[in-house]
$ cat model_38.pdb   # PDB, C-alpha atoms and all ligand atoms
MODEL        1
ATOM      1  CA  ALA E   1      73.406  86.412  86.764
ATOM      2  CA  LYS E   2      69.625  86.153  86.334
ATOM      3  CA  ALA E   3      69.211  89.903  86.661
ATOM      4  CA  LEU E   4      71.928  90.527  84.123
ATOM      5  CA  ALA E   5      70.542  88.070  81.628
ATOM      6  CA  GLY E   6      67.186  89.820  81.962
ATOM      7  CA  ALA E   7      68.753  93.234  81.474
ATOM      8  CA  ALA E   8      70.294  92.099  78.217
ATOM      9  CA  VAL E   9      66.799  91.531  76.856
ATOM     10  CA  VAL E  10      65.425  94.963  77.659
ATOM     11  CA  VAL E  11      68.408  97.073  76.602
ATOM     12  CA  TYR E  12      68.517  97.707  72.849
ATOM     13  CA  GLN E  13      72.247  97.481  72.451
ATOM     14  CA  PRO E  14      73.558  94.457  70.671
ATOM     15  CA  GLY E  15      76.807  94.577  72.642
ATOM     16  CA  MET E  16      74.961  94.152  75.938
ATOM     17  CA  ALA E  17      73.726  90.666  75.172
ATOM     18  CA  THR E  18      77.246  89.631  74.308
ATOM     19  CA  ALA E  19      78.571  91.201  77.515
ATOM     20  CA  ALA E  20      75.957  89.388  79.616
ATOM     21  CA  ARG E  21      76.735  86.134  77.845
ATOM     22  CA  GLY E  22      80.431  86.772  78.532
ATOM     23  CA  LEU E  23      79.669  87.115  82.237
ATOM     24  CA  LEU E  24      77.516  83.995  82.283
ATOM     25  CA  ASP E  25      80.272  82.204  80.448
ATOM     26  CA  ILE E  26      82.901  83.224  82.992
ATOM     27  CA  GLU E  27      80.551  82.404  85.868
ATOM     28  CA  GLN E  28      80.067  78.867  84.596
ATOM     29  CA  ALA E  29      83.745  78.507  83.800
ATOM     30  CA  LEU E  30      84.656  79.765  87.291
ATOM     31  CA  ALA E  31      82.254  77.339  88.974
ATOM     32  CA  TRP E  32      83.849  74.458  87.102
ATOM     33  CA  ALA E  33      87.377  75.751  87.674
ATOM     34  CA  ILE E  34      86.796  76.095  91.423
ATOM     35  CA  GLU E  35      85.512  72.531  91.511
ATOM     36  CA  GLN E  36      88.459  71.281  89.437
ATOM     37  CA  GLN E  37      90.913  73.470  91.392
ATOM     38  CA  GLU E  38      92.439  74.994  88.260
ATOM     39  CA  PHE E  39      94.094  77.754  90.320
ATOM     40  CA  GLN E  40      97.667  78.167  91.398
ATOM     41  CA  LEU E  41      99.524  80.768  93.384
ATOM     42  CA  ASP E  42     102.600  82.648  92.317
ATOM     43  CA  TYR E  43     104.671  84.394  94.964
ATOM     44  CA  GLN E  44     106.102  87.846  94.388
ATOM     45  CA  PRO E  45     109.042  88.646  96.661
ATOM     46  CA  LYS E  46     109.064  91.741  98.827
ATOM     47  CA  TYR E  47     112.386  93.261  99.899
ATOM     48  CA  THR E  48     113.638  95.418 102.755
ATOM     49  CA  ALA E  49     114.560  98.925 101.634
ATOM     50  CA  GLY E  50     118.271  99.686 101.710
ATOM     51  CA  THR E  51     119.650  96.197 102.318
ATOM     52  CA  ARG E  52     117.400  94.718  99.594
ATOM     53  CA  GLN E  53     117.070  91.527 101.623
ATOM     54  CA  LEU E  54     114.129  89.209 101.047
ATOM     55  CA  ALA E  55     111.384  90.103 103.547
ATOM     56  CA  GLY E  56     108.355  88.073 102.422
ATOM     57  CA  PHE E  57     106.010  87.325  99.547
ATOM     58  CA  GLU E  58     102.638  88.300  98.129
ATOM     59  CA  ALA E  59     100.592  85.361  96.856
ATOM     60  CA  LEU E  60      98.934  86.114  93.504
ATOM     61  CA  VAL E  61      96.349  83.767  92.059
ATOM     62  CA  ARG E  62      96.823  82.282  88.580
ATOM     63  CA  TRP E  63      94.141  80.583  86.490
ATOM     64  CA  GLN E  64      95.339  78.301  83.752
ATOM     65  CA  ARG E  65      92.249  77.427  81.683
ATOM     66  CA  PRO E  66      92.758  74.091  79.965
ATOM     67  CA  GLY E  67      92.982  74.681  76.224
ATOM     68  CA  ARG E  68      92.443  78.432  76.631
ATOM     69  CA  GLY E  69      95.573  79.654  78.384
ATOM     70  CA  ARG E  70      96.031  81.990  81.301
ATOM     71  CA  VAL E  71      93.314  84.330  82.466
ATOM     72  CA  SER E  72      94.468  87.422  84.313
ATOM     73  CA  PRO E  73      93.236  87.880  87.898
ATOM     74  CA  ALA E  74      92.438  91.454  86.858
ATOM     75  CA  ASP E  75      89.734  89.867  84.654
ATOM     76  CA  PHE E  76      88.355  87.012  86.740
ATOM     77  CA  ILE E  77      88.620  88.417  90.286
ATOM     78  CA  PRO E  78      86.128  91.227  89.536
ATOM     79  CA  ALA E  79      83.860  88.630  87.899
ATOM     80  CA  ALA E  80      84.201  86.338  90.915
ATOM     81  CA  GLU E  81      83.329  89.290  93.163
ATOM     82  CA  ARG E  82      80.215  90.138  91.127
ATOM     83  CA  THR E  83      78.964  86.558  91.309
ATOM     84  CA  GLY E  84      79.971  85.881  94.911
ATOM     85  CA  GLN E  85      82.264  83.087  93.754
ATOM     86  CA  ILE E  86      85.176  84.912  95.364
ATOM     87  CA  VAL E  87      84.048  83.343  98.653
ATOM     88  CA  PRO E  88      84.765  79.685  97.706
ATOM     89  CA  LEU E  89      87.658  80.778  95.464
ATOM     90  CA  GLY E  90      89.141  82.888  98.260
ATOM     91  CA  ALA E  91      88.896  79.936 100.642
ATOM     92  CA  LEU E  92      90.697  77.764  98.086
ATOM     93  CA  ILE E  93      93.451  80.391  97.746
ATOM     94  CA  LEU E  94      93.941  80.685 101.508
ATOM     95  CA  ARG E  95      94.059  76.895 101.857
ATOM     96  CA  GLN E  96      96.706  76.702  99.134
ATOM     97  CA  ALA E  97      98.796  79.392 100.812
ATOM     98  CA  ALA E  98      98.594  77.549 104.157
ATOM     99  CA  GLN E  99      99.566  74.270 102.458
ATOM    100  CA  GLN E 100     102.504  75.984 100.753
ATOM    101  CA  LEU E 101     103.774  77.370 104.052
ATOM    102  CA  ARG E 102     103.489  73.915 105.608
ATOM    103  CA  THR E 103     105.387  72.353 102.688
ATOM    104  CA  TRP E 104     108.195  74.907 102.945
ATOM    105  CA  GLN E 105     108.307  74.390 106.697
ATOM    106  CA  GLN E 106     108.586  70.618 106.215
ATOM    107  CA  GLN E 107     111.430  71.218 103.754
ATOM    108  CA  GLY E 108     113.288  72.981 106.562
ATOM    109  CA  LEU E 109     113.267  76.392 104.897
ATOM    110  CA  ALA E 110     113.533  79.532 107.001
ATOM    111  CA  LEU E 111     110.067  80.949 106.410
ATOM    112  CA  LEU E 112     109.033  84.521 105.736
ATOM    113  CA  PRO E 113     105.495  85.945 105.836
ATOM    114  CA  VAL E 114     103.156  85.372 102.890
ATOM    115  CA  ALA E 115     100.524  88.016 102.169
ATOM    116  CA  VAL E 116      97.211  86.937 100.648
ATOM    117  CA  ASN E 117      94.681  89.272  99.017
ATOM    118  CA  VAL E 118      91.318  88.974 100.722
ATOM    119  CA  SER E 119      88.091  90.279  99.236
ATOM    120  CA  PRO E 120      85.563  92.195 101.366
ATOM    121  CA  LEU E 121      82.923  89.566 100.538
ATOM    122  CA  GLN E 122      84.960  87.003 102.460
ATOM    123  CA  PHE E 123      84.396  89.086 105.602
ATOM    124  CA  GLU E 124      80.611  88.991 105.118
ATOM    125  CA  ASP E 125      80.724  85.725 107.030
ATOM    126  CA  ALA E 126      81.290  86.823 110.627
ATOM    127  CA  GLY E 127      83.136  83.537 111.248
ATOM    128  CA  PHE E 128      85.745  84.168 108.556
ATOM    129  CA  ALA E 129      88.558  85.309 110.871
ATOM    130  CA  ASP E 130      88.118  82.266 113.119
ATOM    131  CA  TRP E 131      87.957  79.965 110.108
ATOM    132  CA  LEU E 132      91.235  81.434 108.833
ATOM    133  CA  LEU E 133      92.998  81.103 112.195
ATOM    134  CA  ASN E 134      91.849  77.490 112.477
ATOM    135  CA  LEU E 135      93.110  76.865 108.963
ATOM    136  CA  VAL E 136      96.667  78.048 109.637
ATOM    137  CA  LEU E 137      96.804  76.315 113.011
ATOM    138  CA  ALA E 138      95.530  73.061 111.449
ATOM    139  CA  HIS E 139      98.473  73.313 109.019
ATOM    140  CA  GLY E 140     100.912  73.758 111.898
ATOM    141  CA  VAL E 141     101.807  77.208 110.643
ATOM    142  CA  SER E 142     102.355  80.242 112.865
ATOM    143  CA  PRO E 143      99.718  82.960 112.286
ATOM    144  CA  ALA E 144     102.615  85.433 112.194
ATOM    145  CA  LEU E 145     103.611  83.937 108.827
ATOM    146  CA  LEU E 146     100.340  85.035 107.300
ATOM    147  CA  GLU E 147      99.357  88.517 106.249
ATOM    148  CA  VAL E 148      96.033  89.581 104.734
ATOM    149  CA  GLU E 149      95.829  92.390 102.186
ATOM    150  CA  ILE E 150      92.615  94.344 102.044
ATOM    151  CA  THR E 151      91.893  97.364  99.839
ATOM    152  CA  GLU E 152      90.943 100.660 101.410
ATOM    153  CA  THR E 153      87.669 100.779  99.475
ATOM    154  CA  ALA E 154      86.781  97.351 100.861
ATOM    155  CA  ALA E 155      87.658  98.339 104.413
ATOM    156  CA  MET E 156      85.477 101.421 104.159
ATOM    157  CA  THR E 157      82.371  99.897 102.616
ATOM    158  CA  HIS E 158      82.137  96.958 105.013
ATOM    159  CA  MET E 159      83.676  98.561 108.060
ATOM    160  CA  ASP E 160      81.275  97.142 110.680
ATOM    161  CA  ARG E 161      81.931  93.593 109.554
ATOM    162  CA  VAL E 162      85.587  93.971 108.591
ATOM    163  CA  LEU E 163      86.895  95.858 111.621
ATOM    164  CA  PRO E 164      86.247  93.320 114.429
ATOM    165  CA  GLN E 165      87.532  90.466 112.277
ATOM    166  CA  LEU E 166      90.720  92.323 111.378
ATOM    167  CA  ALA E 167      91.202  92.996 115.086
ATOM    168  CA  ARG E 168      90.728  89.292 115.801
ATOM    169  CA  LEU E 169      93.344  88.343 113.176
ATOM    170  CA  ARG E 170      95.708  91.051 114.384
ATOM    171  CA  ASP E 171      95.441  89.846 117.994
ATOM    172  CA  ALA E 172      96.411  86.358 116.849
ATOM    173  CA  GLY E 173      99.528  87.737 115.125
ATOM    174  CA  VAL E 174      98.313  87.840 111.519
ATOM    175  CA  GLY E 175      99.656  90.883 109.642
ATOM    176  CA  VAL E 176      97.137  93.223 108.062
ATOM    177  CA  ALA E 177      98.105  95.269 105.007
ATOM    178  CA  PHE E 178      96.120  98.152 103.586
ATOM    179  CA  ASP E 179      96.370  97.527  99.820
ATOM    180  CA  ASP E 180      96.376 100.009  96.922
ATOM    181  CA  PHE E 181      96.910 102.913  99.316
ATOM    182  CA  GLY E 182      96.503 106.203  97.501
ATOM    183  CA  THR E 183      93.877 105.064  95.002
ATOM    184  CA  GLY E 184      90.699 105.378  97.093
ATOM    185  CA  GLN E 185      89.387 108.263  99.120
ATOM    186  CA  SER E 186      91.234 107.180 102.225
ATOM    187  CA  SER E 187      90.339 109.133 105.278
ATOM    188  CA  LEU E 188      93.145 109.600 107.740
ATOM    189  CA  THR E 189      90.705 108.707 110.519
ATOM    190  CA  LEU E 190      90.229 105.303 108.965
ATOM    191  CA  LEU E 191      93.971 104.679 109.064
ATOM    192  CA  ARG E 192      94.006 105.280 112.764
ATOM    193  CA  ARG E 193      90.972 103.078 113.421
ATOM    194  CA  LEU E 194      92.038 100.043 111.396
ATOM    195  CA  PRO E 195      94.237  97.474 113.131
ATOM    196  CA  ILE E 196      96.793  97.451 110.313
ATOM    197  CA  THR E 197     100.505  96.716 110.262
ATOM    198  CA  THR E 198     101.414  97.753 106.718
ATOM    199  CA  LEU E 199     100.527 100.290 104.047
ATOM    200  CA  LYS E 200     100.962  99.271 100.417
ATOM    201  CA  LEU E 201     101.573 102.270  98.194
ATOM    202  CA  ASP E 202      99.861 101.711  94.877
ATOM    203  CA  ARG E 203     101.949 101.525  91.727
ATOM    204  CA  SER E 204     100.215 104.648  90.394
ATOM    205  CA  MET E 205     102.003 106.655  93.110
ATOM    206  CA  VAL E 206     105.366 105.015  92.496
ATOM    207  CA  ASP E 207     105.226 105.151  88.713
ATOM    208  CA  PRO E 208     105.719 108.936  88.230
ATOM    209  CA  LEU E 209     108.823 109.027  90.484
ATOM    210  CA  PRO E 210     111.269 110.791  90.565
ATOM    211  CA  GLU E 211     108.883 113.604  89.627
ATOM    212  CA  PRO E 212     109.047 116.011  92.624
ATOM    213  CA  SER E 213     105.280 116.359  93.232
ATOM    214  CA  ALA E 214     104.889 112.567  93.284
ATOM    215  CA  GLY E 215     107.885 112.414  95.612
ATOM    216  CA  ALA E 216     106.234 114.864  98.009
ATOM    217  CA  VAL E 217     103.126 112.669  98.242
ATOM    218  CA  VAL E 218     105.115 109.444  98.715
ATOM    219  CA  HIS E 219     107.244 111.114 101.361
ATOM    220  CA  ALA E 220     104.148 112.320 103.241
ATOM    221  CA  ALA E 221     102.726 108.777 103.158
ATOM    222  CA  CYS E 222     106.037 107.420 104.512
ATOM    223  CA  VAL E 223     106.099 109.947 107.358
ATOM    224  CA  LEU E 224     102.490 109.077 108.201
ATOM    225  CA  ALA E 225     103.241 105.342 108.176
ATOM    226  CA  GLY E 226     106.307 105.891 110.327
ATOM    227  CA  SER E 227     104.463 107.906 112.941
ATOM    228  CA  LEU E 228     101.721 105.253 113.104
ATOM    229  CA  GLY E 229     104.357 102.534 113.479
ATOM    230  CA  LEU E 230     103.451 100.899 110.176
ATOM    231  CA  ALA E 231     105.636  99.357 107.487
ATOM    232  CA  ILE E 232     105.178 100.902 104.041
ATOM    233  CA  VAL E 233     105.706  98.932 100.847
ATOM    234  CA  ALA E 234     106.264 100.623  97.487
ATOM    235  CA  GLU E 235     104.497  98.482  94.878
ATOM    236  CA  GLY E 236     105.251  98.192  91.176
ATOM    237  CA  VAL E 237     108.887  99.294  91.355
ATOM    238  CA  GLU E 238     110.131  98.796  87.795
ATOM    239  CA  ARG E 239     113.238 100.978  87.537
ATOM    240  CA  GLU E 240     116.305 101.433  89.733
ATOM    241  CA  GLU E 241     115.648 105.163  89.682
ATOM    242  CA  GLN E 242     112.287 104.563  91.396
ATOM    243  CA  ALA E 243     113.781 102.090  93.857
ATOM    244  CA  ALA E 244     116.445 104.574  94.947
ATOM    245  CA  GLU E 245     113.803 107.285  95.233
ATOM    246  CA  VAL E 246     111.316 105.320  97.381
ATOM    247  CA  GLU E 247     114.209 104.281  99.637
ATOM    248  CA  ARG E 248     115.314 107.902  99.968
ATOM    249  CA  LEU E 249     111.720 108.996 100.682
ATOM    250  CA  GLY E 250     111.345 106.517 103.545
ATOM    251  CA  CYS E 251     109.541 103.414 102.262
ATOM    252  CA  THR E 252     110.471 100.399 104.379
ATOM    253  CA  HIS E 253     109.913  97.749 101.680
ATOM    254  CA  LEU E 254     109.993  97.361  97.906
ATOM    255  CA  GLN E 255     108.083  95.115  95.552
ATOM    256  CA  GLY E 256     108.106  95.112  91.774
ATOM    257  CA  TRP E 257     109.475  93.735  88.565
ATOM    258  CA  LEU E 258     112.854  95.439  89.073
ATOM    259  CA  LEU E 259     113.457  93.167  92.063
ATOM    260  CA  SER E 260     111.434  90.148  90.968
ATOM    261  CA  ARG E 261     108.411  89.087  88.968
ATOM    262  CA  PRO E 262     105.905  86.837  90.758
ATOM    263  CA  LEU E 263     107.517  83.373  91.027
ATOM    264  CA  ALA E 264     106.248  79.802  90.817
ATOM    265  CA  PRO E 265     106.429  78.044  94.222
ATOM    266  CA  GLU E 266     109.652  76.165  93.347
ATOM    267  CA  ALA E 267     111.455  79.394  92.407
ATOM    268  CA  ALA E 268     110.175  81.105  95.549
ATOM    269  CA  ALA E 269     111.459  78.163  97.625
ATOM    270  CA  ALA E 270     114.873  78.437  95.952
ATOM    271  CA  LEU E 271     114.978  82.087  96.941
ATOM    272  CA  LEU E 272     114.092  81.199 100.553
ATOM    273  CA  ALA E 273     116.807  78.539 100.557
ATOM    274  CA  SER E 274     119.481  80.909  99.262
ATOM    275  CA  GLY E 275     118.387  83.451 101.887
ATOM    276  CA  SER E 276     118.841  81.032 104.784
ATOM    277  CA  ALA E 277     122.255  79.959 103.445
ATOM    278  CA  GLY E 278     123.275  83.546 104.207
TER     279      GLY E 278
HETATM  280  P1  LIG E 301      97.375  93.801  93.552
HETATM  281  O1  LIG E 301      96.986  93.163  94.845
HETATM  282  O2  LIG E 301      97.614  95.286  93.568
HETATM  283  O3  LIG E 301      98.651  93.007  93.077
HETATM  284  C1  LIG E 301      99.748  93.579  92.430
HETATM  285  C2  LIG E 301      99.677  93.377  90.944
HETATM  286  O4  LIG E 301     100.726  94.119  90.332
HETATM  287  C3  LIG E 301      99.891  91.934  90.504
HETATM  288  O5  LIG E 301      99.149  91.718  89.303
HETATM  289  C4  LIG E 301     101.378  91.899  90.198
HETATM  290  O6  LIG E 301     101.749  90.850  89.349
HETATM  291  C5  LIG E 301     101.542  93.242  89.547
HETATM  292  N1  LIG E 301     102.907  93.751  89.606
HETATM  293  C6  LIG E 301     103.859  93.455  90.518
HETATM  294  N2  LIG E 301     104.988  94.142  90.272
HETATM  295  C7  LIG E 301     104.735  94.911  89.178
HETATM  296  C8  LIG E 301     105.517  95.886  88.446
HETATM  297  O7  LIG E 301     106.686  96.191  88.744
HETATM  298  N3  LIG E 301     104.921  96.467  87.376
HETATM  299  C9  LIG E 301     103.638  96.194  87.024
HETATM  300  N4  LIG E 301     103.142  96.811  85.940
HETATM  301  N5  LIG E 301     102.879  95.301  87.692
HETATM  302  C10 LIG E 301     103.417  94.663  88.767
HETATM  303  P2  LIG E 301      98.227  90.452  89.129
HETATM  304  O8  LIG E 301      98.919  89.246  89.646
HETATM  305  O9  LIG E 301      97.792  90.469  87.701
HETATM  306  O10 LIG E 301      97.008  90.752  90.069
HETATM  307  C11 LIG E 301      96.131  91.806  89.775
HETATM  308  C12 LIG E 301      95.157  92.032  90.894
HETATM  309  O11 LIG E 301      94.298  90.899  91.035
HETATM  310  C13 LIG E 301      95.796  92.199  92.257
HETATM  311  O12 LIG E 301      96.259  93.509  92.410
HETATM  312  C14 LIG E 301      94.638  91.873  93.164
HETATM  313  O13 LIG E 301      93.769  92.993  93.278
HETATM  314  C15 LIG E 301      93.930  90.778  92.388
HETATM  315  N6  LIG E 301      94.348  89.468  92.914
HETATM  316  C16 LIG E 301      95.433  88.730  92.574
HETATM  317  N7  LIG E 301      95.468  87.596  93.288
HETATM  318  C17 LIG E 301      94.396  87.617  94.109
HETATM  319  C18 LIG E 301      93.887  86.716  95.107
HETATM  320  O14 LIG E 301      94.453  85.671  95.417
HETATM  321  N8  LIG E 301      92.717  87.088  95.749
HETATM  322  C19 LIG E 301      92.068  88.253  95.464
HETATM  323  N9  LIG E 301      90.948  88.559  96.131
HETATM  324  N10 LIG E 301      92.539  89.132  94.547
HETATM  325  C20 LIG E 301      93.684  88.809  93.877
HETATM  326 CA    CA E 302      97.706  93.074  96.888
HETATM  327 CA    CA E 303      98.252  96.562  95.446
HETATM  328 CA    CA E 304      95.814  96.779  92.587
ENDMDL
END

$ encode --input "model_38.pdb" --output "structure tokens" --more "lines below"
Ligand code: C2E
Ligand code: CA
Ligand code: CA
Ligand code: CA
Amino acid sequence: AKALAGAAVVVYQPGMATAARGLLDIEQALAWAIEQQEFQLDYQPKYTAGTRQLAGFEALVRWQRPGRGRVSPADFIPAAERTGQIVPLGALILRQAAQQLRTWQQQGLALLPVAVNVSPLQFEDAGFADWLLNLVLAHGVSPALLEVEITETAAMTHMDRVLPQLARLRDAGVGVAFDDFGTGQSSLTLLRRLPITTLKLDRSMVDPLPEPSAGAVVHAACVLAGSLGLAIVAEGVEREEQAAEVERLGCTHLQGWLLSRPLAPEAAAALLASGSAG
């Protein structure tokens, strides 16, 4: 933040000072919000292709700023990554997810895996994977009920630190999803080297369906996932036409507004309860 504040002085653009002040403002607000625990998680359901049965959830962080309304994670996560605050915030998010799983377990619900987005900065600490495993075990939750989502860009830029920790999590039964697949410059070698269990096809690949060229790319990704023994989730499914198409093309799971918006914990629990009732 110091460097940025300095930069605002030397650059002769009036907008820059405002932008730097905006960042400082969000940094201070984030620090306070982390301390006050102003964050909650919503849970977006994920469904099995074909049967459309509930298969799990993705936890998505929500920040309700008192007196100022909701801030989108698309706005504050990048800010938290720039300032390093994603590390304490990410820990808070993982703790909340573990607590939620424990609560649902205590309520006697038949649990399904919850995926949590993890930032590459969280892996900078070589003890992160062990910390996370201890966390779930301390909550009496099976590691198999947790999945981490990591973007391909993140996996590539911090490979030496990320790889052994993903392997550690994987060995303990934690699922590992490769997020936003199709948006980076993914090398096929990387796919083979990473200890992943799931590919998540970015919405930008699902959106143009049923356009044939988009279909060809999605199909190729599905074949690749299949031959590597990975699940493949189509993200951002908004229309039935797209859902039918990704199912036809070989995706194993679907996620998107067509099936469900992200849900508050109580609504997610209700869905789990109706699932276990048959
Ligand atoms: P993401 O991981 O790709 O998450 C999917 C985003 O797509 C979510 O936005 C979700 O609400 C939205 N979405 C789901 N279905 C649909 C659909 O059918 N149509 C459209 N248009 N959008 C859909 P959200 O919740 O705003 O999160 C945005 C991004 O913020 C996430 O992208 C992720 O990169 C980041 N993020 C969210 N929660 C966390 C978190 O707990 N930790 C970290 N590190 N990042 C997070
Ligand atoms: Ca994600
Ligand atoms: Ca994604
Ligand atoms: Ca994304």

$ residues_near_ligand --input "model_38.pdb" --ligand "ligand LIG 301 (chain E)" --cutoff "6 Å" --atoms "only C-alpha atoms and all ligand atoms" --output "JSON, numbers by chain"
{"E": [60, 61, 72, 73, 74, 77, 93, 117, 118, 119, 180, 236, 237, 238, 256, 257, 262]}

$ closest_atom_pairs --input "model_38.pdb" --of "chain E" --to "ligand CA 303 (chain E)" --cutoff "9 Å" --atoms "all atoms listed in the file" --output "CSV"
residue,atom,partner,partner_atom,distance
E:Asn117,CA,E:CA303,CA,8.9
E:Glu149,CA,E:CA303,CA,8.3
E:Ile150,CA,E:CA303,CA,9.0
E:Thr151,CA,E:CA303,CA,7.8
E:Phe178,CA,E:CA303,CA,8.6
E:Asp179,CA,E:CA303,CA,4.9
E:Asp180,CA,E:CA303,CA,4.2
E:Phe181,CA,E:CA303,CA,7.6
E:Lys200,CA,E:CA303,CA,6.3
E:Leu201,CA,E:CA303,CA,7.2
E:Asp202,CA,E:CA303,CA,5.4
E:Arg203,CA,E:CA303,CA,7.2
E:Glu235,CA,E:CA303,CA,6.6
E:Gly236,CA,E:CA303,CA,8.4

$ residues_near_point --input "model_38.pdb" --point "(85.2, 98.3, 108.9)" --cutoff "12 Å" --atoms "only C-alpha atoms" --output "list of chain:residue names"
E:Pro120, E:Phe123, E:Glu124, E:Ile150, E:Thr151, E:Glu152, E:Thr153, E:Ala154, E:Ala155, E:Met156, E:Thr157, E:His158, E:Met159, E:Asp160, E:Arg161, E:Val162, E:Leu163, E:Pro164, E:Gln165, E:Leu166, E:Ala167, E:Thr189, E:Leu190, E:Leu191, E:Arg192, E:Arg193, E:Leu194, E:Pro195, E:Ile196

$ atom_distance --input "model_38.pdb" --atom1 "CA of Gly56 in chain E" --atom2 "CA of Ala220 in chain E"
24.6 Å

$ atom_distance --input "model_38.pdb" --atom1 "CA of Ala79 in chain E" --atom2 "CA of Ile26 in chain E"
7.4 Å

$ atom_distance --input "model_38.pdb" --atom1 "CA of Phe39 in chain E" --atom2 "CA of Asp75 in chain E"
14.1 Å

$ residues_around --input "model_38.pdb" --residues "Trp104 in chain E" --least-positions-apart "3" --cutoff "10 Å" --atoms "all atoms listed in the file" --output "ChimeraX atom specification"
/E:99-101,107-111,265-266,268-269,272-273
